[in-house]
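Colleague: Have a look at this one before I ask anything.
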Amino acid sequence: MNNVLKQKSWSPYVAGSAAGILLCLSVLIAGKYMGASTTFVRSAGLIEKIFAYERVAKMDYFVKTKVRIDWQWMFVVGIFFGSLLASRISRDFVATAVPPTWEKRFGPEKVRRWTAAFTGGTIAMFGARLTGGCPSGHGLSGLSQLAVSGYISLICFFLAGIGMARILYGGTKGR
Amino acid sequence: MNILIWGFITGIIFGFLLQKGQVLRYDKQLGALCLKDFIIVKFMLSTVLVAMVGIYLLHDFGLVELKLKPTVLAANIMGSLIFGAGWGLLGYCPGTAVGALGEGRWDSLFGIIGMLCGAAIYVELYPALKTNVLAWGKFGKITLPEILGISHWIVISGLIIVSCSLFYWFEKKGL
């Protein structure tokens with residue numbers, strides 16, 4: 001058991017199937033489906049509340065989706081600690097500022113990567129909120145429930161993602 | 001037990017599995033979007049196959065409820081295409097960005113800050129979007145078996161066959 005936990009990686013089929021069992025148990029025990037993007041809106045609300053409490057309380061979106069710490073908020077925080085734990089046990093934790101694939105294509109300048117990450121994050125979350133979910137909520141939970149919204153969303157996530165990857169990496173054959 | 005604690009525990013296990021499955025990497029996410037390395041697709045589909053069978057079995061026995069996200073064509077398609085473009089640039093989705101930070105990939109931190117900004121922008125624009133994009137093509141909470149008019153087990157069997165064929169092809173081609 002100890003050896004298994006210390007392994008740097010598990011087959012994605014095994015780790016993925018285990019996540020599937022986890023999702024079933026979560027629905028059975030807590031009645032909760034996995035998701036992540038609503039947490040970012042709630043967190044943005046929590047931060048905005050510090051500066052403009054009255055304003056946040058009146059905003060349409062926050063009337064519909066209350067600014068509070070809920071199951072999903074704790075779930076997302078848990079992901080951070082779970083990953084930290086797993087990478088520490090297997091000594092796989094390495095502080096990396098620029099991903100290798102990015103560096104090969106765009107060079108080692110940190111600011112360039114961080115700007116792209118920030119911009120990408122802003123665009124992605126706006127889109128995720130518009131469609132009502134991310135690859136966890138629409139992807140894992142939506143597909144598992146055979147939701148039409150999940151299948152439409154996941155197909156569009158990949159279509160646009162592949163398009164963006166082509167723009168960024170299109171000219172690099174044999175990379 | 002407190003629902004928040006369940007969220008935290010579920011998150012820790014999920015984060016652990018994501019890290020072991022090696023899906024928390026920019027390089028793996030872009031690998032899939034460049035159609036060169038499908039590890040994230042293998043993980044995701046494995047989760048979905050297991051969860052789909054589990055959730056519908058539990059549902060048939062009346063033990064769990066489905067929580068479907070509504071299908072709104074305009075919002076689902078536009079939002080997901082916007083998400084995909086941002087995802088291609090950031091290289092992490094909301095859940096994996098948090099997990100990536102846990103294993104030391106701190107370029108994801110800028111993505112997370114961007115996502116908080118994207119969420120805040122969405123909240124500002126929500127009153128304006130509510131009456132148009134979020135209202136076009138509303139079909140409510142629908143599932144694939146409902147619109148096809150067949151048993152969910154037929155749809156599930158079909159999806160299992162398609163996914164396993166994909167897995168076979170990935171392994172054969174070494175993708």
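Please note that chains go A, B, ... in the order of the structure tokens, that every chain numbers its residues from 1, and that ligands are numbered from 1 in the order shown.
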Run DSSP on the backbone and grab whatever in stretch 13-167 of chain B lands in strand (DSSP E or B); send it over as an mmCIF file with all heavy atoms, in the first residue's frame.
Modeller:
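Here's the written file states.cif:
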```
data_model
loop_
_atom_site.group_PDB
_atom_site.id
_atom_site.type_symbol
_atom_site.label_atom_id
_atom_site.label_comp_id
_atom_site.auth_asym_id
_atom_site.auth_seq_id
_atom_site.Cartn_x
_atom_site.Cartn_y
_atom_site.Cartn_z
ATOM 1 N N THR B 71 -30.284 22.955 -20.163
ATOM 2 C CA THR B 71 -29.730 23.171 -21.492
ATOM 3 C C THR B 71 -30.283 24.490 -22.035
ATOM 4 O O THR B 71 -31.491 24.666 -22.135
ATOM 5 C CB THR B 71 -30.121 22.011 -22.425
ATOM 6 O OG1 THR B 71 -29.560 20.805 -21.896
ATOM 7 C CG2 THR B 71 -29.612 22.237 -23.841
ATOM 8 N N VAL B 72 -29.373 25.424 -22.312
ATOM 9 C CA VAL B 72 -29.736 26.699 -22.952
ATOM 10 C C VAL B 72 -28.767 26.823 -24.117
ATOM 11 O O VAL B 72 -27.582 27.099 -23.922
ATOM 12 C CB VAL B 72 -29.557 27.893 -21.985
ATOM 13 C CG1 VAL B 72 -30.021 29.180 -22.634
ATOM 14 C CG2 VAL B 72 -30.298 27.654 -20.682
ATOM 15 N N ARG B 105 3.064 23.883 -9.522
ATOM 16 C CA ARG B 105 3.029 24.577 -10.821
ATOM 17 C C ARG B 105 2.385 25.941 -10.625
ATOM 18 O O ARG B 105 1.213 26.133 -10.870
ATOM 19 C CB ARG B 105 2.232 23.747 -11.836
ATOM 20 C CG ARG B 105 2.874 22.406 -12.032
ATOM 21 C CD ARG B 105 2.070 21.459 -12.876
ATOM 22 N NE ARG B 105 2.584 20.130 -12.650
ATOM 23 C CZ ARG B 105 3.708 19.653 -13.203
ATOM 24 N NH1 ARG B 105 4.379 20.381 -14.053
ATOM 25 N NH2 ARG B 105 4.139 18.447 -12.924
ATOM 26 N N LYS B 138 -33.820 27.809 -24.687
ATOM 27 C CA LYS B 138 -33.985 27.131 -23.397
ATOM 28 C C LYS B 138 -34.726 25.810 -23.562
ATOM 29 O O LYS B 138 -35.846 25.776 -24.058
ATOM 30 C CB LYS B 138 -34.808 28.016 -22.459
ATOM 31 C CG LYS B 138 -33.999 28.816 -21.496
ATOM 32 C CD LYS B 138 -34.904 29.475 -20.462
ATOM 33 C CE LYS B 138 -34.081 30.313 -19.495
ATOM 34 N NZ LYS B 138 -34.910 31.192 -18.690
ATOM 35 N N PHE B 139 -34.112 24.731 -23.125
ATOM 36 C CA PHE B 139 -34.781 23.425 -23.196
ATOM 37 C C PHE B 139 -34.954 22.790 -21.819
ATOM 38 O O PHE B 139 -35.460 21.678 -21.704
ATOM 39 C CB PHE B 139 -34.009 22.479 -24.117
ATOM 40 C CG PHE B 139 -34.141 22.830 -25.572
ATOM 41 C CD1 PHE B 139 -33.262 23.715 -26.190
ATOM 42 C CD2 PHE B 139 -35.188 22.301 -26.326
ATOM 43 C CE1 PHE B 139 -33.405 24.056 -27.523
ATOM 44 C CE2 PHE B 139 -35.339 22.634 -27.671
ATOM 45 C CZ PHE B 139 -34.447 23.519 -28.269
ATOM 46 N N GLY B 140 -34.480 23.485 -20.802
ATOM 47 C CA GLY B 140 -34.633 22.956 -19.447
ATOM 48 C C GLY B 140 -33.672 21.817 -19.137
ATOM 49 O O GLY B 140 -32.657 21.648 -19.806
ATOM 50 N N THR B 143 -32.085 15.163 -20.678
ATOM 51 C CA THR B 143 -31.001 14.185 -20.795
ATOM 52 C C THR B 143 -31.032 13.548 -22.178
ATOM 53 O O THR B 143 -32.042 13.630 -22.883
ATOM 54 C CB THR B 143 -31.145 13.059 -19.747
ATOM 55 O OG1 THR B 143 -32.347 12.333 -20.030
ATOM 56 C CG2 THR B 143 -31.206 13.594 -18.331
#
```
Colleague: Quick one: residues within 12 Å of A:Gln145, only C-alpha atoms counted, chain neighbours fewer than 4 positions away excluded, as a VMD selection string?
Modeller: (chain A and resid 23 to 24 27 33 to 34 137 to 141 149 to 151) or (chain B and resid 48 to 59 64 to 69 141 to 146 152 to 153 155 to 156)
Colleague: Mind checking which residues fall within 9 Å of B:Ser80, counting only C-alpha atoms, ignoring those fewer than 2 positions away in the same chain, and posting them as a PyMOL selection string?
Modeller: (chain A and resi 124+127-128+130-134+152-158+160) or (chain B and resi 75-78+82-85)
Colleague: Can you measure atom CA of A:Ser11 to atom CA of A:Val98 for me? One decimal in Å is fine.
Modeller: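 If I compute the distance from atom CA of A:Ser11 to atom CA of A:Val98, I get 25.3 Å.
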Colleague: Please list as a PDB file with all heavy atoms, in the first residue's frame every residue within 8 Å of stretch 1-15 of chain B, counting only C-alpha atoms and excluding residues in the same chain fewer than 6 positions away.
Modeller:
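Below is the file that was written, around-v4.pdb:
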```pdb
ATOM      1  N   ALA A  19     -11.817   8.005  -9.382  1.00  0.00           N
ATOM      2  CA  ALA A  19     -12.535   9.281  -9.268  1.00  0.00           C
ATOM      3  C   ALA A  19     -14.022   9.083  -9.579  1.00  0.00           C
ATOM      4  O   ALA A  19     -14.880   9.751  -9.003  1.00  0.00           O
ATOM      5  CB  ALA A  19     -11.920  10.328 -10.196  1.00  0.00           C
ATOM      6  N   LEU A  22     -15.535   7.721  -6.512  1.00  0.00           N
ATOM      7  CA  LEU A  22     -15.622   8.841  -5.558  1.00  0.00           C
ATOM      8  C   LEU A  22     -16.850   9.703  -5.856  1.00  0.00           C
ATOM      9  O   LEU A  22     -17.578  10.099  -4.941  1.00  0.00           O
ATOM     10  CB  LEU A  22     -14.338   9.686  -5.653  1.00  0.00           C
ATOM     11  CG  LEU A  22     -14.264  10.912  -4.744  1.00  0.00           C
ATOM     12  CD1 LEU A  22     -14.151  10.509  -3.281  1.00  0.00           C
ATOM     13  CD2 LEU A  22     -13.082  11.805  -5.129  1.00  0.00           C
ATOM     14  N   SER A  26     -19.943  10.341  -3.362  1.00  0.00           N
ATOM     15  CA  SER A  26     -20.280  11.703  -2.961  1.00  0.00           C
ATOM     16  C   SER A  26     -21.767  11.983  -3.182  1.00  0.00           C
ATOM     17  O   SER A  26     -22.424  12.588  -2.340  1.00  0.00           O
ATOM     18  CB  SER A  26     -19.420  12.692  -3.757  1.00  0.00           C
ATOM     19  OG  SER A  26     -19.861  14.004  -3.517  1.00  0.00           O
ATOM     20  N   ALA A  30     -23.461  12.482   0.276  1.00  0.00           N
ATOM     21  CA  ALA A  30     -23.703  13.906   0.540  1.00  0.00           C
ATOM     22  C   ALA A  30     -24.717  14.525  -0.417  1.00  0.00           C
ATOM     23  O   ALA A  30     -25.138  15.661  -0.232  1.00  0.00           O
ATOM     24  CB  ALA A  30     -22.375  14.664   0.463  1.00  0.00           C
ATOM     25  N   ASP A  70     -19.562  26.880   0.829  1.00  0.00           N
ATOM     26  CA  ASP A  70     -20.454  25.719   0.744  1.00  0.00           C
ATOM     27  C   ASP A  70     -19.648  24.449   0.478  1.00  0.00           C
ATOM     28  O   ASP A  70     -18.416  24.471   0.517  1.00  0.00           O
ATOM     29  CB  ASP A  70     -21.495  25.949  -0.368  1.00  0.00           C
ATOM     30  CG  ASP A  70     -20.846  26.012  -1.737  1.00  0.00           C
ATOM     31  OD1 ASP A  70     -19.615  26.249  -1.812  1.00  0.00           O
ATOM     32  OD2 ASP A  70     -21.548  25.814  -2.751  1.00  0.00           O
ATOM     33  N   TRP A  71     -20.344  23.357   0.193  1.00  0.00           N
ATOM     34  CA  TRP A  71     -19.700  22.079  -0.087  1.00  0.00           C
ATOM     35  C   TRP A  71     -18.637  22.220  -1.183  1.00  0.00           C
ATOM     36  O   TRP A  71     -17.503  21.787  -1.032  1.00  0.00           O
ATOM     37  CB  TRP A  71     -20.765  21.050  -0.515  1.00  0.00           C
ATOM     38  CG  TRP A  71     -20.190  19.705  -0.837  1.00  0.00           C
ATOM     39  CD1 TRP A  71     -20.038  18.661   0.032  1.00  0.00           C
ATOM     40  CD2 TRP A  71     -19.680  19.250  -2.100  1.00  0.00           C
ATOM     41  NE1 TRP A  71     -19.450  17.595  -0.618  1.00  0.00           N
ATOM     42  CE2 TRP A  71     -19.230  17.929  -1.920  1.00  0.00           C
ATOM     43  CE3 TRP A  71     -19.554  19.836  -3.362  1.00  0.00           C
ATOM     44  CZ2 TRP A  71     -18.663  17.180  -2.957  1.00  0.00           C
ATOM     45  CZ3 TRP A  71     -18.986  19.100  -4.397  1.00  0.00           C
ATOM     46  CH2 TRP A  71     -18.547  17.776  -4.179  1.00  0.00           C
ATOM     47  N   GLN A  72     -19.056  22.851  -2.306  1.00  0.00           N
ATOM     48  CA  GLN A  72     -18.132  22.931  -3.445  1.00  0.00           C
ATOM     49  C   GLN A  72     -16.892  23.769  -3.139  1.00  0.00           C
ATOM     50  O   GLN A  72     -15.794  23.462  -3.600  1.00  0.00           O
ATOM     51  CB  GLN A  72     -18.853  23.511  -4.667  1.00  0.00           C
ATOM     52  CG  GLN A  72     -18.084  23.275  -5.936  1.00  0.00           C
ATOM     53  CD  GLN A  72     -18.549  24.189  -7.061  1.00  0.00           C
ATOM     54  OE1 GLN A  72     -18.146  25.346  -7.156  1.00  0.00           O
ATOM     55  NE2 GLN A  72     -19.418  23.683  -7.911  1.00  0.00           N
ATOM     56  N   TRP A  73     -17.059  24.812  -2.339  1.00  0.00           N
ATOM     57  CA  TRP A  73     -15.933  25.672  -1.971  1.00  0.00           C
ATOM     58  C   TRP A  73     -14.886  24.844  -1.218  1.00  0.00           C
ATOM     59  O   TRP A  73     -13.695  24.899  -1.502  1.00  0.00           O
ATOM     60  CB  TRP A  73     -16.453  26.820  -1.098  1.00  0.00           C
ATOM     61  CG  TRP A  73     -15.607  28.036  -1.115  1.00  0.00           C
ATOM     62  CD1 TRP A  73     -15.738  29.117  -1.937  1.00  0.00           C
ATOM     63  CD2 TRP A  73     -14.486  28.324  -0.256  1.00  0.00           C
ATOM     64  NE1 TRP A  73     -14.777  30.049  -1.648  1.00  0.00           N
ATOM     65  CE2 TRP A  73     -14.000  29.589  -0.633  1.00  0.00           C
ATOM     66  CE3 TRP A  73     -13.845  27.637   0.778  1.00  0.00           C
ATOM     67  CZ2 TRP A  73     -12.899  30.192   0.002  1.00  0.00           C
ATOM     68  CZ3 TRP A  73     -12.752  28.224   1.397  1.00  0.00           C
ATOM     69  CH2 TRP A  73     -12.290  29.491   1.011  1.00  0.00           C
ATOM     70  N   MET A  74     -15.372  24.028  -0.293  1.00  0.00           N
ATOM     71  CA  MET A  74     -14.476  23.163   0.476  1.00  0.00           C
ATOM     72  C   MET A  74     -13.867  22.076  -0.405  1.00  0.00           C
ATOM     73  O   MET A  74     -12.722  21.675  -0.225  1.00  0.00           O
ATOM     74  CB  MET A  74     -15.235  22.512   1.646  1.00  0.00           C
ATOM     75  CG  MET A  74     -15.713  23.483   2.698  1.00  0.00           C
ATOM     76  SD  MET A  74     -14.386  24.463   3.432  1.00  0.00           S
ATOM     77  CE  MET A  74     -13.520  23.220   4.382  1.00  0.00           C
ATOM     78  N   PHE A  75     -14.650  21.618  -1.380  1.00  0.00           N
ATOM     79  CA  PHE A  75     -14.176  20.606  -2.333  1.00  0.00           C
ATOM     80  C   PHE A  75     -12.981  21.149  -3.120  1.00  0.00           C
ATOM     81  O   PHE A  75     -11.945  20.492  -3.257  1.00  0.00           O
ATOM     82  CB  PHE A  75     -15.334  20.232  -3.273  1.00  0.00           C
ATOM     83  CG  PHE A  75     -14.964  19.360  -4.438  1.00  0.00           C
ATOM     84  CD1 PHE A  75     -14.654  18.018  -4.259  1.00  0.00           C
ATOM     85  CD2 PHE A  75     -14.940  19.879  -5.727  1.00  0.00           C
ATOM     86  CE1 PHE A  75     -14.327  17.209  -5.343  1.00  0.00           C
ATOM     87  CE2 PHE A  75     -14.611  19.074  -6.815  1.00  0.00           C
ATOM     88  CZ  PHE A  75     -14.299  17.740  -6.623  1.00  0.00           C
ATOM     89  N   VAL A  76     -13.114  22.376  -3.619  1.00  0.00           N
ATOM     90  CA  VAL A  76     -12.045  22.988  -4.419  1.00  0.00           C
ATOM     91  C   VAL A  76     -10.787  23.212  -3.569  1.00  0.00           C
ATOM     92  O   VAL A  76      -9.673  22.924  -4.005  1.00  0.00           O
ATOM     93  CB  VAL A  76     -12.540  24.305  -5.073  1.00  0.00           C
ATOM     94  CG1 VAL A  76     -11.389  25.044  -5.742  1.00  0.00           C
ATOM     95  CG2 VAL A  76     -13.638  24.008  -6.097  1.00  0.00           C
ATOM     96  N   VAL A  77     -10.967  23.676  -2.345  1.00  0.00           N
ATOM     97  CA  VAL A  77      -9.819  23.840  -1.445  1.00  0.00           C
ATOM     98  C   VAL A  77      -9.173  22.476  -1.178  1.00  0.00           C
ATOM     99  O   VAL A  77      -7.952  22.334  -1.152  1.00  0.00           O
ATOM    100  CB  VAL A  77     -10.260  24.513  -0.119  1.00  0.00           C
ATOM    101  CG1 VAL A  77      -9.116  24.530   0.894  1.00  0.00           C
ATOM    102  CG2 VAL A  77     -10.737  25.934  -0.382  1.00  0.00           C
ATOM    103  N   GLY A  78     -10.018  21.451  -1.027  1.00  0.00           N
ATOM    104  CA  GLY A  78      -9.526  20.091  -0.808  1.00  0.00           C
ATOM    105  C   GLY A  78      -8.654  19.601  -1.958  1.00  0.00           C
ATOM    106  O   GLY A  78      -7.657  18.914  -1.731  1.00  0.00           O
ATOM    107  N   ILE A  79      -9.013  19.957  -3.191  1.00  0.00           N
ATOM    108  CA  ILE A  79      -8.219  19.541  -4.367  1.00  0.00           C
ATOM    109  C   ILE A  79      -6.770  20.003  -4.211  1.00  0.00           C
ATOM    110  O   ILE A  79      -5.828  19.257  -4.464  1.00  0.00           O
ATOM    111  CB  ILE A  79      -8.825  20.101  -5.679  1.00  0.00           C
ATOM    112  CG1 ILE A  79     -10.182  19.454  -5.958  1.00  0.00           C
ATOM    113  CG2 ILE A  79      -7.872  19.860  -6.863  1.00  0.00           C
ATOM    114  CD1 ILE A  79     -10.895  20.024  -7.186  1.00  0.00           C
ATOM    115  N   PHE A  80      -6.611  21.254  -3.743  1.00  0.00           N
ATOM    116  CA  PHE A  80      -5.268  21.794  -3.539  1.00  0.00           C
ATOM    117  C   PHE A  80      -4.482  20.923  -2.551  1.00  0.00           C
ATOM    118  O   PHE A  80      -3.360  20.502  -2.829  1.00  0.00           O
ATOM    119  CB  PHE A  80      -5.359  23.243  -3.025  1.00  0.00           C
ATOM    120  CG  PHE A  80      -4.049  23.817  -2.574  1.00  0.00           C
ATOM    121  CD1 PHE A  80      -3.159  24.359  -3.489  1.00  0.00           C
ATOM    122  CD2 PHE A  80      -3.684  23.788  -1.230  1.00  0.00           C
ATOM    123  CE1 PHE A  80      -1.936  24.867  -3.079  1.00  0.00           C
ATOM    124  CE2 PHE A  80      -2.465  24.292  -0.799  1.00  0.00           C
ATOM    125  CZ  PHE A  80      -1.588  24.839  -1.733  1.00  0.00           C
ATOM    126  N   PHE A  81      -5.107  20.625  -1.412  1.00  0.00           N
ATOM    127  CA  PHE A  81      -4.401  19.854  -0.393  1.00  0.00           C
ATOM    128  C   PHE A  81      -4.169  18.401  -0.813  1.00  0.00           C
ATOM    129  O   PHE A  81      -3.137  17.824  -0.490  1.00  0.00           O
ATOM    130  CB  PHE A  81      -5.132  19.956   0.955  1.00  0.00           C
ATOM    131  CG  PHE A  81      -4.976  21.293   1.592  1.00  0.00           C
ATOM    132  CD1 PHE A  81      -6.005  22.237   1.568  1.00  0.00           C
ATOM    133  CD2 PHE A  81      -3.770  21.644   2.200  1.00  0.00           C
ATOM    134  CE1 PHE A  81      -5.844  23.491   2.149  1.00  0.00           C
ATOM    135  CE2 PHE A  81      -3.598  22.900   2.779  1.00  0.00           C
ATOM    136  CZ  PHE A  81      -4.643  23.819   2.746  1.00  0.00           C
ATOM    137  N   GLY A  82      -5.117  17.834  -1.540  1.00  0.00           N
ATOM    138  CA  GLY A  82      -4.955  16.462  -2.015  1.00  0.00           C
ATOM    139  C   GLY A  82      -3.776  16.342  -2.964  1.00  0.00           C
ATOM    140  O   GLY A  82      -2.980  15.402  -2.895  1.00  0.00           O
ATOM    141  N   SER A  83      -3.679  17.313  -3.857  1.00  0.00           N
ATOM    142  CA  SER A  83      -2.583  17.313  -4.820  1.00  0.00           C
ATOM    143  C   SER A  83      -1.248  17.555  -4.128  1.00  0.00           C
ATOM    144  O   SER A  83      -0.234  16.912  -4.423  1.00  0.00           O
ATOM    145  CB  SER A  83      -2.853  18.402  -5.869  1.00  0.00           C
ATOM    146  OG  SER A  83      -1.688  18.715  -6.567  1.00  0.00           O
TER     147      SER A  83
ATOM    148  N   GLY B  99      -5.422  22.315  -8.382  1.00  0.00           N
ATOM    149  CA  GLY B  99      -4.600  21.126  -8.144  1.00  0.00           C
ATOM    150  C   GLY B  99      -3.163  21.342  -8.590  1.00  0.00           C
ATOM    151  O   GLY B  99      -2.220  20.920  -7.917  1.00  0.00           O
TER     152      GLY B  99
END
```
Colleague: In Å, how far is it from atom CA of B:Asp107 to atom CA of A:Phe62?
Modeller: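 Those two atoms sit 29.3 Å apart.
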Colleague: For B:Leu18, which residue out of B:Leu33, B:Ile39, B:Ala135, B:Ala119 is the nearest one, using only C-alpha atoms?
Modeller: B:Ile39
